[in-house]
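Just protein04.txt here, compact mmCIF, C-alpha atoms:
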```txt
# COMPACT_ATOMS: atom_id res chain seq x y z
CA MET A 697 -4.30 30.06 -0.82
CA GLN A 698 -5.90 26.82 0.26
CA ILE A 699 -4.36 23.37 0.35
CA GLN A 700 -5.46 19.94 1.59
CA VAL A 701 -3.65 18.07 4.34
CA ARG A 702 -3.93 14.27 4.50
CA LEU A 703 -3.15 12.38 7.70
CA PHE A 704 -2.71 8.64 8.12
CA ALA A 705 -2.54 5.98 10.83
CA THR A 706 -1.19 7.36 14.13
CA TYR A 707 -1.37 10.98 12.92
CA ARG A 708 -4.99 10.60 11.82
CA GLU A 709 -5.86 9.12 15.22
CA ILE A 710 -4.14 11.98 17.07
CA VAL A 711 -5.77 14.74 15.01
CA GLY A 712 -9.12 12.95 14.82
CA GLU A 713 -9.49 13.56 11.07
CA GLY A 714 -7.87 12.15 7.95
CA GLN A 715 -8.20 15.33 5.92
CA LEU A 716 -7.93 19.03 6.77
CA ALA A 717 -8.39 22.12 4.62
CA TRP A 718 -5.67 24.63 5.46
CA THR A 719 -5.31 28.27 4.43
CA LEU A 720 -1.79 29.60 3.91
CA ARG A 721 0.00 32.73 2.82
CA ASP A 722 1.63 32.57 -0.62
CA GLY A 723 5.22 31.37 -0.43
CA THR A 724 4.67 29.06 2.56
CA THR A 725 6.94 26.00 2.55
CA VAL A 726 5.99 22.46 3.52
CA GLY A 727 8.18 22.81 6.63
CA GLN A 728 6.34 25.96 7.72
CA LEU A 729 3.01 24.22 7.19
CA VAL A 730 4.15 21.31 9.36
CA GLU A 731 5.23 23.74 12.10
CA ALA A 732 1.75 25.30 12.02
CA ILE A 733 0.10 21.87 12.19
CA LEU A 734 2.33 20.81 15.11
CA ALA A 735 1.46 24.07 16.91
CA LYS A 736 -2.25 23.36 16.52
CA TYR A 737 -1.96 19.67 17.40
CA PRO A 738 0.88 19.47 19.95
CA ARG A 739 0.30 15.74 20.47
CA LEU A 740 1.96 15.28 17.08
CA LEU A 741 5.15 16.91 18.36
CA GLY A 742 6.87 13.68 19.44
CA HIS A 743 6.44 12.31 15.90
CA GLY A 744 8.11 15.18 14.01
CA ASN A 745 11.44 13.43 13.49
CA SER A 746 10.07 10.28 11.86
CA MET A 747 7.49 12.12 9.72
CA LEU A 748 7.81 11.82 5.96
CA LEU A 749 6.27 14.60 3.84
CA ALA A 750 4.65 14.24 0.43
CA VAL A 751 3.18 16.86 -1.90
CA ASN A 752 0.82 15.57 -4.59
CA GLN A 753 1.94 11.98 -3.79
CA GLU A 754 5.66 12.64 -4.09
CA VAL A 755 8.06 12.71 -1.17
CA VAL A 756 9.54 16.19 -0.76
CA ARG A 757 11.97 18.09 1.43
CA PRO A 758 10.61 20.68 3.87
CA ASP A 759 11.89 23.65 1.83
CA VAL A 760 9.48 23.03 -1.07
CA VAL A 761 7.11 25.97 -1.59
CA LEU A 762 3.42 25.10 -1.67
CA ARG A 763 0.91 26.11 -4.33
CA GLU A 764 -2.84 26.57 -4.38
CA GLY A 765 -4.66 23.21 -4.38
CA ASP A 766 -1.67 21.10 -3.35
CA GLU A 767 -2.31 17.90 -1.41
CA VAL A 768 0.18 17.57 1.43
CA ALA A 769 0.42 14.22 3.21
CA LEU A 770 2.03 13.64 6.61
CA LEU A 771 3.22 10.05 6.51
CA PRO A 772 4.11 8.04 9.60
CA PRO A 773 6.81 5.38 9.17
CA VAL A 774 5.32 2.51 7.16
CA SER A 775 4.63 -0.95 8.56
CA GLY A 776 8.14 -2.37 8.39
CA GLY A 777 8.36 -5.75 10.05
CA ARG A 778 11.07 -8.38 9.95
CA ARG A 779 12.23 -10.10 6.83
CA MET B 910 -0.89 -5.83 -12.66
CA ILE B 911 -0.76 -3.40 -9.78
CA GLU B 912 -3.76 -3.22 -7.50
CA ILE B 913 -4.91 -2.30 -4.05
CA GLN B 914 -8.20 -3.89 -3.18
CA ARG B 915 -10.52 -4.46 -0.25
CA ASN B 916 -11.69 -7.90 -1.36
CA ARG B 917 -9.85 -11.22 -1.29
CA ILE B 918 -6.90 -11.59 -3.68
CA ASP B 919 -7.30 -14.32 -6.28
CA VAL B 920 -3.76 -15.74 -6.41
CA GLU B 921 -4.31 -17.59 -9.71
CA THR B 922 -5.28 -14.33 -11.43
CA VAL B 923 -2.09 -12.66 -10.21
CA VAL B 924 0.03 -15.60 -11.40
CA ASP B 925 -1.70 -15.63 -14.79
CA SER B 926 -0.99 -11.91 -15.20
CA VAL B 927 2.77 -12.58 -15.43
CA ARG B 928 2.73 -15.72 -17.63
CA ARG B 929 4.82 -15.41 -20.80
CA HIS B 930 6.24 -17.88 -23.26
CA ASP B 931 9.76 -16.53 -22.78
CA ALA B 932 9.57 -17.04 -18.98
CA GLY B 933 11.27 -20.06 -17.49
CA ALA B 934 10.31 -19.28 -13.91
CA ILE B 935 7.51 -17.64 -11.96
CA VAL B 936 8.10 -16.92 -8.29
CA VAL B 937 5.02 -16.18 -6.18
CA PHE B 938 5.11 -14.63 -2.73
CA LEU B 939 2.12 -14.46 -0.38
CA GLY B 940 2.27 -12.26 2.71
CA THR B 941 -0.22 -13.69 5.19
CA VAL B 942 -1.67 -12.50 8.48
CA ARG B 943 0.01 -14.36 11.33
CA ALA B 944 -1.81 -15.32 14.54
CA ASP B 945 0.38 -13.49 17.05
CA PRO B 946 -0.93 -13.35 20.63
CA ASP B 947 -4.14 -11.28 20.75
CA VAL B 948 -4.12 -10.73 16.99
CA ARG B 949 -7.28 -11.75 15.17
CA ALA B 950 -6.79 -9.59 12.09
CA LEU B 951 -4.78 -6.74 10.64
CA ASP B 952 -6.26 -3.49 9.42
CA TYR B 953 -4.44 -1.97 6.46
CA GLU B 954 -4.70 1.76 5.87
CA VAL B 955 -3.52 2.90 2.45
CA TYR B 956 -2.74 6.26 0.86
CA LYS B 957 -3.97 4.81 -2.39
CA PRO B 958 -2.84 7.26 -5.12
CA MET B 959 0.67 7.43 -3.67
CA ALA B 960 0.81 3.68 -3.00
CA LEU B 961 -0.16 2.91 -6.62
CA ARG B 962 2.42 5.38 -7.91
CA THR B 963 5.15 3.94 -5.65
CA LEU B 964 4.31 0.36 -6.65
CA THR B 965 4.48 1.31 -10.33
CA GLU B 966 7.92 2.84 -9.78
CA LEU B 967 9.06 -0.27 -7.90
CA VAL B 968 8.06 -2.52 -10.79
CA ALA B 969 10.04 -0.35 -13.21
CA ARG B 970 13.08 -0.40 -10.91
CA ALA B 971 12.86 -4.18 -10.49
CA ARG B 972 12.74 -4.69 -14.27
CA GLU B 973 15.85 -2.58 -14.67
CA LYS B 974 17.74 -4.01 -11.70
CA PHE B 975 17.05 -7.71 -12.26
CA GLY B 976 16.08 -7.98 -15.94
CA ILE B 977 12.83 -9.72 -15.11
CA LEU B 978 10.01 -10.06 -17.63
CA GLU B 979 6.87 -9.35 -15.61
CA LEU B 980 6.00 -8.36 -12.06
CA SER B 981 2.58 -8.05 -10.45
CA ILE B 982 1.78 -6.77 -6.97
CA VAL B 983 -1.65 -6.85 -5.35
CA HIS B 984 -2.14 -5.56 -1.80
CA ARG B 985 -5.17 -5.61 0.44
CA ALA B 986 -6.70 -2.57 2.11
CA GLY B 987 -9.00 -2.77 5.13
CA ARG B 988 -9.34 -5.74 7.45
CA VAL B 989 -7.63 -9.07 6.72
CA SER B 990 -8.28 -11.93 9.14
CA VAL B 991 -5.61 -14.31 10.43
CA GLY B 992 -4.61 -16.70 7.66
CA GLY B 993 -5.66 -14.32 4.90
CA ASP B 994 -3.34 -13.01 2.19
CA SER B 995 -2.48 -9.34 2.65
CA VAL B 996 -0.13 -9.13 -0.32
CA VAL B 997 0.54 -11.27 -3.39
CA ILE B 998 3.57 -10.78 -5.64
CA ALA B 999 4.23 -12.74 -8.82
CA CYS B 1000 7.45 -12.37 -10.76
CA ALA B 1001 8.30 -13.95 -14.11
CA ALA B 1002 11.82 -14.17 -15.49
CA ALA B 1003 13.79 -16.23 -17.99
CA HIS B 1004 15.52 -18.02 -15.10
CA ARG B 1005 14.59 -18.65 -11.47
CA SER B 1006 17.53 -16.85 -9.83
CA GLU B 1007 16.48 -13.38 -10.99
CA ALA B 1008 12.81 -14.15 -10.28
CA PHE B 1009 13.63 -15.11 -6.66
CA ALA B 1010 15.93 -12.10 -6.21
CA ALA B 1011 13.46 -9.59 -7.66
CA CYS B 1012 10.55 -10.97 -5.66
CA SER B 1013 12.49 -10.76 -2.41
CA TRP B 1014 13.81 -7.27 -3.17
CA VAL B 1015 10.43 -5.88 -4.16
CA MET B 1016 8.74 -7.22 -1.01
CA ASP B 1017 11.40 -5.52 1.15
CA GLU B 1018 10.80 -2.27 -0.73
CA VAL B 1019 7.01 -2.57 -0.37
CA LYS B 1020 7.49 -2.78 3.41
CA ARG B 1021 9.98 0.08 3.39
CA ILE B 1022 8.51 2.78 1.17
CA VAL B 1023 4.92 2.09 0.10
CA PRO B 1024 2.47 4.17 2.19
CA ILE B 1025 0.52 1.32 3.76
CA TRP B 1026 0.11 1.11 7.54
CA LYS B 1027 -1.13 -1.85 9.50
CA THR B 1028 -2.70 -1.99 12.93
CA GLU B 1029 -3.43 -5.13 14.87
CA ALA B 1030 -7.01 -5.97 15.69
CA GLY B 1031 -7.32 -8.14 18.79
CA PRO B 1032 -10.39 -9.68 20.42
CA ALA B 1033 -11.49 -6.40 22.07
CA LYS B 1034 -11.32 -4.42 18.83
CA MET B 1035 -13.10 -7.19 16.95
CA ARG B 1036 -15.96 -6.98 19.46
CA ASP B 1037 -16.13 -3.20 19.01
CA ARG B 1038 -16.75 -3.63 15.32
CA GLN B 1039 -19.77 -5.88 15.75
CA PRO B 1040 -23.14 -4.14 15.41
```

Since I need it in another form, could you write the structure as structure tokens?
Amino acid sequence: MQIQVRLFATYREIVGEGQLAWTLRDGTTVGQLVEAILAKYPRLLGHGNSMLLAVNQEVVRPDVVLREGDEVALLPPVSGGRR
Amino acid sequence: MIEIQRNRIDVETVVDSVRRHDAGAIVVFLGTVRADPDVRALDYEVYKPMALRTLTELVARAREKFGILELSIVHRAGRVSVGGDSVVIACAAAHRSEAFAACSWVMDEVKRIVPIWKTEAGPAKMRDRQP
């Protein structure tokens, strides 16, 4: 099955693209997808702990199973800033 | 009114969007681009469908939490120069205390959970962008 991966800010700069088409075996989880992405783009490795994951614009846990056509977003920490 | 836009935010339009006869207070917050050393502008990158969905949820939570009447949030995407408004929030309530509280809470949440990232553009980057 094929899914879309969206990358933003630091992650987009590291990978060099904001959107990737990714082919997966049925039953692949978001966490397994992220492992595959980190293996292909090892410069993302240092960011794994602060990465937030969203499927179809909703934040999910890594054990969620992906489906054909899903849009997975790897989200760096948002802007923050002082109050 | 919930919007993410590349052009300048018209503050009066945002304020008018929350006006109601049963409101006794409207609190308006403007987030503006500050001239820190070497900062000429901020570039805002937005995951728009998720940002709009998150902002909509925040408005619903603010209504429930503070009992406010109306809440509008408009955020810029793209480049905003020093002095420009990057976000405008207007909150109407029967009384000022809940309008102030909701406005402050929602701005903190926008910074915390809405997928919008900013990068600083200094003099070197500004030069790069010129044709």

**OP:** Output as a list of chain:residue names the set of chain B residues within 8 Å of chain A, with distances taken over all atoms listed in the file.
**Re:** B:Glu954, B:Tyr956, B:Pro958, B:Met959, B:Arg962, B:Asp1017, B:Lys1020, B:Arg1021, B:Ile1022, B:Val1023, B:Pro1024, B:Ile1025, B:Trp1026, B:Lys1027

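Candidate residues B:Trp1014, B:Val936, B:Val948, B:His984 were compared for distance to Arg970 (chain B), and the nearest is B:Trp1014, using all atoms listed in the file.
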
Subject >> Distance in Å - CA of Leu740 (chain A) versus CA of Ala717 (chain A) >> reply: 17.6 Å

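Shell of region 724-732 of chain A at 8 Å, with only C-alpha atoms counted and residues fewer than 2 places along the chain excluded, is Leu720, Arg721, Asp722, Leu734, Ala735, Lys736, Leu749, Arg757, Pro758, Asp759, Val760, Val761, Leu762 and Val768 of chain A.
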
Could you give me the centre and size, in Å to one decimal, of an axis-aligned box around all listed atoms of region 993-1000 of chain B with 5 Å added on every side, as JSON?
```
{"center_x": 0.9, "center_y": -11.7, "center_z": -2.9, "size_x": 23.1, "size_y": 15.2, "size_z": 25.7}
```

Original post:
Neighbours of region 943-946 of chain B within 12 Å (all atoms listed in the file; same-chain residues fewer than 2 positions away dropped), as a list in words?
Top reply: Leu939, Gly940, Thr941, Val948, Arg949, Ala950, Leu951, Val989, Ser990, Val991, Gly992, Gly993, Asp994, Ser995, Glu1029, Ala1030, Gly1031 and Pro1032 of chain B

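What separates CA of Ser1013 (chain B) from CA of Ala934 (chain B) is a distance of 14.5 Å.
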
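If you measure from each of B:Arg1005, B:Lys957, B:Lys974, B:Arg988 to Gly933 (chain B) using all atoms listed in the file, the closest one turns out to be B:Arg1005.
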
Original post:
Within 10 Å of (0.6, -3.6, -16.1), in the coordinates the file gives, what residues turn up when you count all atoms listed in the file, written out as a PyMOL selection string?
Top reply: chain B and resi 910-912+926-927+965+968+979-982

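One distance worth recording is that between CA of Ala1003 (chain B) and CA of Leu961 (chain B), which is 26.3 Å.
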
**OP:** Could you check which of A:Ile733, A:His743, A:Gln698, A:Val711 is closest to Gly765 (chain A), using all atoms listed in the file?
**Re:** A:Gln698

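All protein, DNA and RNA residues at most 9 Å from (11.4, -16.8, -5.5) are Ala934, Ile935, Val936, Val937, Phe938, Ala999, Cys1000, Arg1005, Ser1006, Glu1007, Ala1008, Phe1009, Ala1010, Ala1011, Cys1012 and Ser1013 of chain B, using only C-alpha atoms.
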